[in-house]
Amino acid sequence: MKIGVIGLGNIAQKAYLPTYVKLQDQADFYFATRNPKVQQELKAKYHLNMNSTIEELFAAEIDACFIHSATTSHYQLAKTCLEKGIHVFMDKPASEKLAEVTELQKLAEEKQLLLMIGFNRRFAPMVQELKKIPEKRMILLQKNRVAAKEKTAFVIYDLFLHLIDTAVYLLDAPIQKIDSRIREKDGYLETAMLRLETAAETALLTMDLRSGANTETYQITSPEGTYLLNDLVHLQKFSAEQTTNTFGDWETTLYKRGFEQMVINFIDAVKTGEQQQLQQRDVFLSHKLCQAMLQEHERHIL
């Protein structure tokens, strides 16, 4: 099997490249980046098959492609791959335009190809433990930054989307009510809040970009106890007897955060055609909720 990888920026190198290197005995990887310095460094360090353009990957007749380029290029790159019969994995968000997300999903279905959007928290072992909790009541998700200054739309789709998709994944029933608030200054996001309600669950999502610390905290209440997960790694259960669930000393960061599992599951799905392991239920809804928040904010400021 031949697998292409487009885009080798900082996140791709940290979150994905170690797994690609580890899996080179299972597939032939073809990497593409226009940055000559990155090409030279990675080729020297890992002895990778380096290319400059997507056309070179097509010439190698790749079967699947991982897309780690900028969000603005996702749609066209994914569309081109799908039209050529190539399975696609792409970083989230697929696009900041819902029509493009819909088009890509429809094209993949028509071509009978895999299209996976990489939400790593769906694969993080401790988040999967939270998913198993029966009779969830309150789901409180919070992701904060020390002192970030980013445009509102970018933050909602790039950072807050993590919280939204995690909530969509954790909720066990259809969403019935939605309420959101965005506070910004001169077009830069200050804080964001989203409340989602099902028949029996309430999910409250918050973000503060000037909180003094980089944190990500999840709390879930249920009749059997309250669960607290910090930074996807440290899980505690508070009940009659407090219990703590931690990883072994040898587990890697990429495994703890779900990145390794995403890559392995996608490659396995390319081999077998089995899509259930890709955890793609309601990924479109996650994108749709981002748009709904921004539209509500626009109506509010007008």
# chains A, B, ... in the order shown; residues from 1 in each chain; ligands from 1
$ select_by_dssp --residues "range 71-300 of chain A" --states "helix (DSSP H, G or I)" --output "PyMOL selection string"
chain A and resi 71-83+98-111+120-122+125-131+152-170+253-256+259-272+276-278+283-300
$ residues_around --residues "Asp158 in chain A" --least-positions-apart "6" --cutoff "10 Å" --atoms "only C-alpha atoms" --output "number ranges by chain"
A: 71, 92-93, 96, 152, 290
$ write_last_selection --atoms "all heavy atoms" --output "mmCIF file, in the first residue's frame"
data_model
loop_
_atom_site.group_PDB
_atom_site.id
_atom_site.type_symbol
_atom_site.label_atom_id
_atom_site.label_comp_id
_atom_site.auth_asym_id
_atom_site.auth_seq_id
_atom_site.Cartn_x
_atom_site.Cartn_y
_atom_site.Cartn_z
ATOM 1 N N THR A 71 -5.970 24.911 6.704
ATOM 2 C CA THR A 71 -7.408 24.652 6.535
ATOM 3 C C THR A 71 -7.937 25.177 5.206
ATOM 4 O O THR A 71 -8.778 24.549 4.565
ATOM 5 C CB THR A 71 -8.201 25.280 7.696
ATOM 6 O OG1 THR A 71 -7.781 24.678 8.929
ATOM 7 C CG2 THR A 71 -9.690 25.052 7.526
ATOM 8 N N LYS A 92 -8.833 18.363 11.270
ATOM 9 C CA LYS A 92 -10.021 19.190 11.484
ATOM 10 C C LYS A 92 -9.600 20.653 11.448
ATOM 11 O O LYS A 92 -8.442 20.975 11.751
ATOM 12 C CB LYS A 92 -10.707 18.823 12.794
ATOM 13 C CG LYS A 92 -9.843 19.040 14.060
ATOM 14 C CD LYS A 92 -9.852 20.483 14.503
ATOM 15 C CE LYS A 92 -8.715 20.811 15.408
ATOM 16 N NZ LYS A 92 -8.467 22.275 15.498
ATOM 17 N N PRO A 93 -10.507 21.570 11.091
ATOM 18 C CA PRO A 93 -11.799 21.292 10.463
ATOM 19 C C PRO A 93 -11.617 20.911 9.001
ATOM 20 O O PRO A 93 -10.616 21.279 8.374
ATOM 21 C CB PRO A 93 -12.516 22.639 10.570
ATOM 22 C CG PRO A 93 -11.408 23.647 10.494
ATOM 23 C CD PRO A 93 -10.255 23.018 11.237
ATOM 24 N N GLU A 96 -14.121 25.578 6.773
ATOM 25 C CA GLU A 96 -14.938 26.519 7.530
ATOM 26 C C GLU A 96 -16.222 26.855 6.783
ATOM 27 O O GLU A 96 -16.981 27.728 7.214
ATOM 28 C CB GLU A 96 -14.135 27.787 7.820
ATOM 29 C CG GLU A 96 -12.965 27.535 8.775
ATOM 30 C CD GLU A 96 -12.203 28.793 9.113
ATOM 31 O OE1 GLU A 96 -12.644 29.890 8.690
ATOM 32 O OE2 GLU A 96 -11.168 28.695 9.799
ATOM 33 N N THR A 152 -11.867 35.745 15.962
ATOM 34 C CA THR A 152 -12.942 34.929 16.514
ATOM 35 C C THR A 152 -13.257 33.698 15.682
ATOM 36 O O THR A 152 -13.313 32.577 16.205
ATOM 37 C CB THR A 152 -14.216 35.786 16.675
ATOM 38 O OG1 THR A 152 -13.958 36.828 17.627
ATOM 39 C CG2 THR A 152 -15.383 34.941 17.168
ATOM 40 N N CYS A 290 -20.316 25.042 14.984
ATOM 41 C CA CYS A 290 -19.394 26.183 14.895
ATOM 42 C C CYS A 290 -20.039 27.317 14.112
ATOM 43 O O CYS A 290 -20.001 28.477 14.525
ATOM 44 C CB CYS A 290 -18.090 25.762 14.212
ATOM 45 S SG CYS A 290 -16.986 24.763 15.217
#
$ select_by_dssp --residues "range 108-172 of chain A" --states "strand (DSSP E)" --output "list in words"
Leu115, Met116, Ile117, Gly118, Met138, Ile139, Leu140, Leu141, Gln142, Lys143 and Asn144 of chain A
$ residues_around --residues "range 123-131 of chain A" --least-positions-apart "4" --cutoff "7 Å" --atoms "only C-alpha atoms" --output "list in words"
Leu170, Leu232, Val233, Leu235, Lys256, Arg257, Gly258, Gln261 and Met262 of chain A
$ write_last_selection --atoms "C-alpha atoms" --output "PDB file, in the first residue's frame"
ATOM      1  CA  LEU A 170     -19.973  12.208  24.581  1.00  0.00           C
ATOM      2  CA  LEU A 232      -6.771  14.122  28.427  1.00  0.00           C
ATOM      3  CA  VAL A 233      -4.423  12.185  30.700  1.00  0.00           C
ATOM      4  CA  LEU A 235      -8.848  10.769  35.117  1.00  0.00           C
ATOM      5  CA  LYS A 256      -2.638   9.169  25.306  1.00  0.00           C
ATOM      6  CA  ARG A 257      -4.006  11.939  23.085  1.00  0.00           C
ATOM      7  CA  GLY A 258      -5.407   9.607  20.430  1.00  0.00           C
ATOM      8  CA  GLN A 261      -4.868   5.401  17.098  1.00  0.00           C
ATOM      9  CA  MET A 262      -6.314   7.698  14.416  1.00  0.00           C
TER      10      MET A 262
END
$ closest_residue --among "A:Glu184, A:Val5, A:Gln279, A:Ile175" --to "Thr198 in chain A" --atoms "only C-alpha atoms"
A:Ile175
$ closest_residue --among "A:Ala59, A:Ala44, A:Leu161, A:Ala64" --to "Gly4 in chain A" --atoms "only C-alpha atoms"
A:Ala64
$ residues_around --residues "Gln275 in chain A" --least-positions-apart "4" --cutoff "9 Å" --atoms "only C-alpha atoms" --output "JSON, numbers by chain"
{"A": [114, 266, 269, 270, 279, 280]}
$ closest_residue --among "A:Thr272, A:Glu260, A:Lys45, A:Glu241" --to "Arg122 in chain A" --atoms "only C-alpha atoms"
A:Glu260
$ closest_residue --among "A:Lys2, A:His297, A:Lys14, A:His47" --to "Thr253 in chain A" --atoms "only C-alpha atoms"
A:Lys14
$ residues_around --residues "Arg195 in chain A" --least-positions-apart "3" --cutoff "10 Å" --atoms "only C-alpha atoms" --output "CSV table (one decimal) with N, CA, C and O atoms, in the first residue's frame"
chain,number,residue,atom,x,y,z
A,139,ILE,N,-22.2,17.6,31.5
A,139,ILE,CA,-20.9,17.5,30.9
A,139,ILE,C,-20.3,18.9,30.8
A,139,ILE,O,-20.8,19.7,30.1
A,140,LEU,N,-19.3,19.1,31.5
A,140,LEU,CA,-18.6,20.4,31.6
A,140,LEU,C,-17.2,20.3,30.9
A,140,LEU,O,-16.4,19.6,31.4
A,164,ILE,N,-16.5,21.3,21.0
A,164,ILE,CA,-17.8,21.0,20.4
A,164,ILE,C,-17.8,19.5,20.0
A,164,ILE,O,-18.8,18.8,20.3
A,167,ALA,N,-18.0,17.1,22.9
A,167,ALA,CA,-19.4,17.1,23.5
A,167,ALA,C,-20.3,16.3,22.6
A,167,ALA,O,-21.1,15.4,23.1
A,177,LYS,N,-31.7,21.5,22.4
A,177,LYS,CA,-31.6,23.0,22.6
A,177,LYS,C,-30.1,23.4,22.5
A,177,LYS,O,-29.2,22.7,22.9
A,178,ILE,N,-29.9,24.6,21.9
A,178,ILE,CA,-28.6,25.2,21.8
A,178,ILE,C,-28.6,26.7,22.2
A,178,ILE,O,-29.5,27.4,21.9
A,179,ASP,N,-27.6,27.0,22.9
A,179,ASP,CA,-27.5,28.4,23.3
A,179,ASP,C,-26.0,28.8,23.3
A,179,ASP,O,-25.1,28.0,23.8
A,180,SER,N,-25.6,29.9,22.8
A,180,SER,CA,-24.2,30.3,22.8
A,180,SER,C,-23.9,31.7,23.0
A,180,SER,O,-24.8,32.6,22.8
A,181,ARG,N,-22.7,32.1,23.5
A,181,ARG,CA,-22.3,33.4,23.7
A,181,ARG,C,-20.8,33.6,23.3
A,181,ARG,O,-20.0,32.7,23.7
A,202,THR,N,-27.0,17.9,29.9
A,202,THR,CA,-26.7,19.3,29.6
A,202,THR,C,-25.2,19.3,29.5
A,202,THR,O,-24.4,18.9,30.4
A,203,ALA,N,-24.7,19.8,28.3
A,203,ALA,CA,-23.3,20.0,28.1
A,203,ALA,C,-23.0,21.5,28.1
A,203,ALA,O,-23.6,22.3,27.3
A,204,LEU,N,-22.0,21.9,28.9
A,204,LEU,CA,-21.6,23.3,29.0
A,204,LEU,C,-20.1,23.4,28.6
A,204,LEU,O,-19.3,22.8,29.2
A,205,LEU,N,-19.9,24.2,27.5
A,205,LEU,CA,-18.5,24.3,26.9
A,205,LEU,C,-18.1,25.8,27.1
A,205,LEU,O,-18.8,26.7,26.7
A,206,THR,N,-16.9,26.0,27.6
A,206,THR,CA,-16.3,27.3,27.8
A,206,THR,C,-14.9,27.4,27.4
A,206,THR,O,-14.1,26.4,27.5
$ residues_around --residues "range 106-111 of chain A" --least-positions-apart "4" --cutoff "7 Å" --atoms "only C-alpha atoms" --output "number ranges by chain"
A: 82, 85, 102, 115
$ write_last_selection --atoms "all heavy atoms" --output "CSV table (one decimal), in the first residue's frame"
chain,number,residue,atom,x,y,z
A,82,LEU,N,-10.1,12.6,-3.8
A,82,LEU,CA,-11.3,11.8,-3.9
A,82,LEU,C,-11.6,11.6,-5.4
A,82,LEU,O,-12.0,10.5,-5.8
A,82,LEU,CB,-12.4,12.4,-3.2
A,82,LEU,CG,-12.3,12.5,-1.7
A,82,LEU,CD1,-13.4,13.3,-1.1
A,82,LEU,CD2,-12.3,11.1,-1.1
A,85,GLY,N,-9.8,8.8,-6.9
A,85,GLY,CA,-10.0,7.5,-6.3
A,85,GLY,C,-9.1,7.2,-5.1
A,85,GLY,O,-8.8,6.1,-4.8
A,102,THR,N,-20.1,19.2,3.2
A,102,THR,CA,-21.2,18.4,2.6
A,102,THR,C,-20.8,17.8,1.3
A,102,THR,O,-21.0,16.6,1.0
A,102,THR,CB,-22.5,19.2,2.4
A,102,THR,OG1,-22.9,19.7,3.7
A,102,THR,CG2,-23.6,18.4,1.9
A,115,LEU,N,-13.4,9.0,3.9
A,115,LEU,CA,-13.1,10.4,4.2
A,115,LEU,C,-13.1,10.5,5.7
A,115,LEU,O,-14.2,10.4,6.3
A,115,LEU,CB,-14.1,11.3,3.5
A,115,LEU,CG,-13.9,12.8,3.9
A,115,LEU,CD1,-12.6,13.3,3.5
A,115,LEU,CD2,-15.1,13.6,3.3
$ decode --residues "range 159-172 of chain A" --atoms "all heavy atoms" --output "PDB file, in the first residue's frame"
ATOM      1  N   LEU A 159      -9.880  25.918  17.670  1.00  0.00           N
ATOM      2  CA  LEU A 159      -9.742  25.484  19.054  1.00  0.00           C
ATOM      3  C   LEU A 159     -11.061  25.057  19.691  1.00  0.00           C
ATOM      4  O   LEU A 159     -11.156  23.965  20.256  1.00  0.00           O
ATOM      5  CB  LEU A 159      -9.112  26.605  19.893  1.00  0.00           C
ATOM      6  CG  LEU A 159      -7.636  26.907  19.642  1.00  0.00           C
ATOM      7  CD1 LEU A 159      -7.186  28.076  20.519  1.00  0.00           C
ATOM      8  CD2 LEU A 159      -6.770  25.690  19.923  1.00  0.00           C
ATOM      9  N   PHE A 160     -12.064  25.924  19.609  1.00  0.00           N
ATOM     10  CA  PHE A 160     -13.332  25.606  20.266  1.00  0.00           C
ATOM     11  C   PHE A 160     -13.986  24.377  19.639  1.00  0.00           C
ATOM     12  O   PHE A 160     -14.743  23.657  20.301  1.00  0.00           O
ATOM     13  CB  PHE A 160     -14.278  26.804  20.188  1.00  0.00           C
ATOM     14  CG  PHE A 160     -15.348  26.796  21.248  1.00  0.00           C
ATOM     15  CD1 PHE A 160     -15.056  27.154  22.549  1.00  0.00           C
ATOM     16  CD2 PHE A 160     -16.639  26.418  20.944  1.00  0.00           C
ATOM     17  CE1 PHE A 160     -16.034  27.140  23.532  1.00  0.00           C
ATOM     18  CE2 PHE A 160     -17.631  26.402  21.915  1.00  0.00           C
ATOM     19  CZ  PHE A 160     -17.321  26.763  23.218  1.00  0.00           C
ATOM     20  N   LEU A 161     -13.689  24.124  18.378  1.00  0.00           N
ATOM     21  CA  LEU A 161     -14.223  22.936  17.703  1.00  0.00           C
ATOM     22  C   LEU A 161     -13.850  21.658  18.439  1.00  0.00           C
ATOM     23  O   LEU A 161     -14.602  20.677  18.431  1.00  0.00           O
ATOM     24  CB  LEU A 161     -13.723  22.890  16.251  1.00  0.00           C
ATOM     25  CG  LEU A 161     -14.104  21.670  15.413  1.00  0.00           C
ATOM     26  CD1 LEU A 161     -15.622  21.494  15.352  1.00  0.00           C
ATOM     27  CD2 LEU A 161     -13.530  21.790  14.003  1.00  0.00           C
ATOM     28  N   HIS A 162     -12.683  21.646  19.084  1.00  0.00           N
ATOM     29  CA  HIS A 162     -12.295  20.466  19.872  1.00  0.00           C
ATOM     30  C   HIS A 162     -13.339  20.188  20.960  1.00  0.00           C
ATOM     31  O   HIS A 162     -13.750  19.041  21.173  1.00  0.00           O
ATOM     32  CB  HIS A 162     -10.929  20.680  20.527  1.00  0.00           C
ATOM     33  CG  HIS A 162      -9.766  20.395  19.628  1.00  0.00           C
ATOM     34  ND1 HIS A 162      -9.606  19.186  18.993  1.00  0.00           N
ATOM     35  CD2 HIS A 162      -8.707  21.156  19.276  1.00  0.00           C
ATOM     36  CE1 HIS A 162      -8.486  19.209  18.286  1.00  0.00           C
ATOM     37  NE2 HIS A 162      -7.926  20.390  18.432  1.00  0.00           N
ATOM     38  N   LEU A 163     -13.745  21.234  21.667  1.00  0.00           N
ATOM     39  CA  LEU A 163     -14.748  21.062  22.719  1.00  0.00           C
ATOM     40  C   LEU A 163     -16.095  20.644  22.128  1.00  0.00           C
ATOM     41  O   LEU A 163     -16.772  19.764  22.666  1.00  0.00           O
ATOM     42  CB  LEU A 163     -14.916  22.362  23.512  1.00  0.00           C
ATOM     43  CG  LEU A 163     -13.717  22.858  24.317  1.00  0.00           C
ATOM     44  CD1 LEU A 163     -14.102  24.122  25.080  1.00  0.00           C
ATOM     45  CD2 LEU A 163     -13.208  21.788  25.278  1.00  0.00           C
ATOM     46  N   ILE A 164     -16.470  21.295  21.034  1.00  0.00           N
ATOM     47  CA  ILE A 164     -17.761  20.977  20.414  1.00  0.00           C
ATOM     48  C   ILE A 164     -17.815  19.526  19.993  1.00  0.00           C
ATOM     49  O   ILE A 164     -18.773  18.804  20.291  1.00  0.00           O
ATOM     50  CB  ILE A 164     -18.014  21.901  19.203  1.00  0.00           C
ATOM     51  CG1 ILE A 164     -18.252  23.338  19.671  1.00  0.00           C
ATOM     52  CG2 ILE A 164     -19.221  21.405  18.402  1.00  0.00           C
ATOM     53  CD1 ILE A 164     -18.429  24.336  18.540  1.00  0.00           C
ATOM     54  N   ASP A 165     -16.788  19.067  19.305  1.00  0.00           N
ATOM     55  CA  ASP A 165     -16.825  17.685  18.822  1.00  0.00           C
ATOM     56  C   ASP A 165     -16.747  16.692  19.970  1.00  0.00           C
ATOM     57  O   ASP A 165     -17.364  15.626  19.907  1.00  0.00           O
ATOM     58  CB  ASP A 165     -15.684  17.426  17.835  1.00  0.00           C
ATOM     59  CG  ASP A 165     -15.827  16.069  17.173  1.00  0.00           C
ATOM     60  OD1 ASP A 165     -16.729  15.918  16.319  1.00  0.00           O
ATOM     61  OD2 ASP A 165     -15.068  15.139  17.536  1.00  0.00           O
ATOM     62  N   THR A 166     -16.006  17.028  21.015  1.00  0.00           N
ATOM     63  CA  THR A 166     -15.959  16.138  22.180  1.00  0.00           C
ATOM     64  C   THR A 166     -17.333  16.022  22.823  1.00  0.00           C
ATOM     65  O   THR A 166     -17.763  14.933  23.225  1.00  0.00           O
ATOM     66  CB  THR A 166     -14.932  16.639  23.208  1.00  0.00           C
ATOM     67  OG1 THR A 166     -13.635  16.723  22.591  1.00  0.00           O
ATOM     68  CG2 THR A 166     -14.849  15.694  24.399  1.00  0.00           C
ATOM     69  N   ALA A 167     -18.048  17.135  22.907  1.00  0.00           N
ATOM     70  CA  ALA A 167     -19.411  17.100  23.463  1.00  0.00           C
ATOM     71  C   ALA A 167     -20.328  16.274  22.574  1.00  0.00           C
ATOM     72  O   ALA A 167     -21.117  15.450  23.063  1.00  0.00           O
ATOM     73  CB  ALA A 167     -19.954  18.520  23.613  1.00  0.00           C
ATOM     74  N   VAL A 168     -20.253  16.482  21.272  1.00  0.00           N
ATOM     75  CA  VAL A 168     -21.071  15.712  20.328  1.00  0.00           C
ATOM     76  C   VAL A 168     -20.783  14.222  20.483  1.00  0.00           C
ATOM     77  O   VAL A 168     -21.696  13.381  20.441  1.00  0.00           O
ATOM     78  CB  VAL A 168     -20.788  16.175  18.878  1.00  0.00           C
ATOM     79  CG1 VAL A 168     -21.384  15.204  17.868  1.00  0.00           C
ATOM     80  CG2 VAL A 168     -21.351  17.576  18.654  1.00  0.00           C
ATOM     81  N   TYR A 169     -19.522  13.881  20.682  1.00  0.00           N
ATOM     82  CA  TYR A 169     -19.126  12.485  20.865  1.00  0.00           C
ATOM     83  C   TYR A 169     -19.652  11.911  22.180  1.00  0.00           C
ATOM     84  O   TYR A 169     -20.126  10.772  22.239  1.00  0.00           O
ATOM     85  CB  TYR A 169     -17.603  12.398  20.815  1.00  0.00           C
ATOM     86  CG  TYR A 169     -17.025  11.044  21.173  1.00  0.00           C
ATOM     87  CD1 TYR A 169     -17.192   9.945  20.333  1.00  0.00           C
ATOM     88  CD2 TYR A 169     -16.309  10.869  22.356  1.00  0.00           C
ATOM     89  CE1 TYR A 169     -16.652   8.709  20.667  1.00  0.00           C
ATOM     90  CE2 TYR A 169     -15.765   9.639  22.691  1.00  0.00           C
ATOM     91  CZ  TYR A 169     -15.941   8.562  21.841  1.00  0.00           C
ATOM     92  OH  TYR A 169     -15.409   7.337  22.174  1.00  0.00           O
ATOM     93  N   LEU A 170     -19.600  12.708  23.253  1.00  0.00           N
ATOM     94  CA  LEU A 170     -19.973  12.208  24.581  1.00  0.00           C
ATOM     95  C   LEU A 170     -21.479  12.129  24.803  1.00  0.00           C
ATOM     96  O   LEU A 170     -21.950  11.259  25.548  1.00  0.00           O
ATOM     97  CB  LEU A 170     -19.347  13.089  25.665  1.00  0.00           C
ATOM     98  CG  LEU A 170     -17.822  13.034  25.812  1.00  0.00           C
ATOM     99  CD1 LEU A 170     -17.362  14.068  26.830  1.00  0.00           C
ATOM    100  CD2 LEU A 170     -17.368  11.634  26.226  1.00  0.00           C
ATOM    101  N   LEU A 171     -22.241  13.023  24.186  1.00  0.00           N
ATOM    102  CA  LEU A 171     -23.686  13.014  24.387  1.00  0.00           C
ATOM    103  C   LEU A 171     -24.311  11.730  23.849  1.00  0.00           C
ATOM    104  O   LEU A 171     -23.929  11.238  22.786  1.00  0.00           O
ATOM    105  CB  LEU A 171     -24.324  14.228  23.708  1.00  0.00           C
ATOM    106  CG  LEU A 171     -24.041  15.587  24.367  1.00  0.00           C
ATOM    107  CD1 LEU A 171     -24.481  16.726  23.460  1.00  0.00           C
ATOM    108  CD2 LEU A 171     -24.727  15.684  25.729  1.00  0.00           C
ATOM    109  N   ASP A 172     -25.280  11.213  24.582  1.00  0.00           N
ATOM    110  CA  ASP A 172     -25.882   9.920  24.221  1.00  0.00           C
ATOM    111  C   ASP A 172     -27.269  10.044  23.604  1.00  0.00           C
ATOM    112  O   ASP A 172     -27.936   9.037  23.371  1.00  0.00           O
ATOM    113  CB  ASP A 172     -25.951   9.028  25.466  1.00  0.00           C
ATOM    114  CG  ASP A 172     -24.571   8.667  25.989  1.00  0.00           C
ATOM    115  OD1 ASP A 172     -23.670   8.440  25.158  1.00  0.00           O
ATOM    116  OD2 ASP A 172     -24.393   8.619  27.221  1.00  0.00           O
TER     117      ASP A 172
END
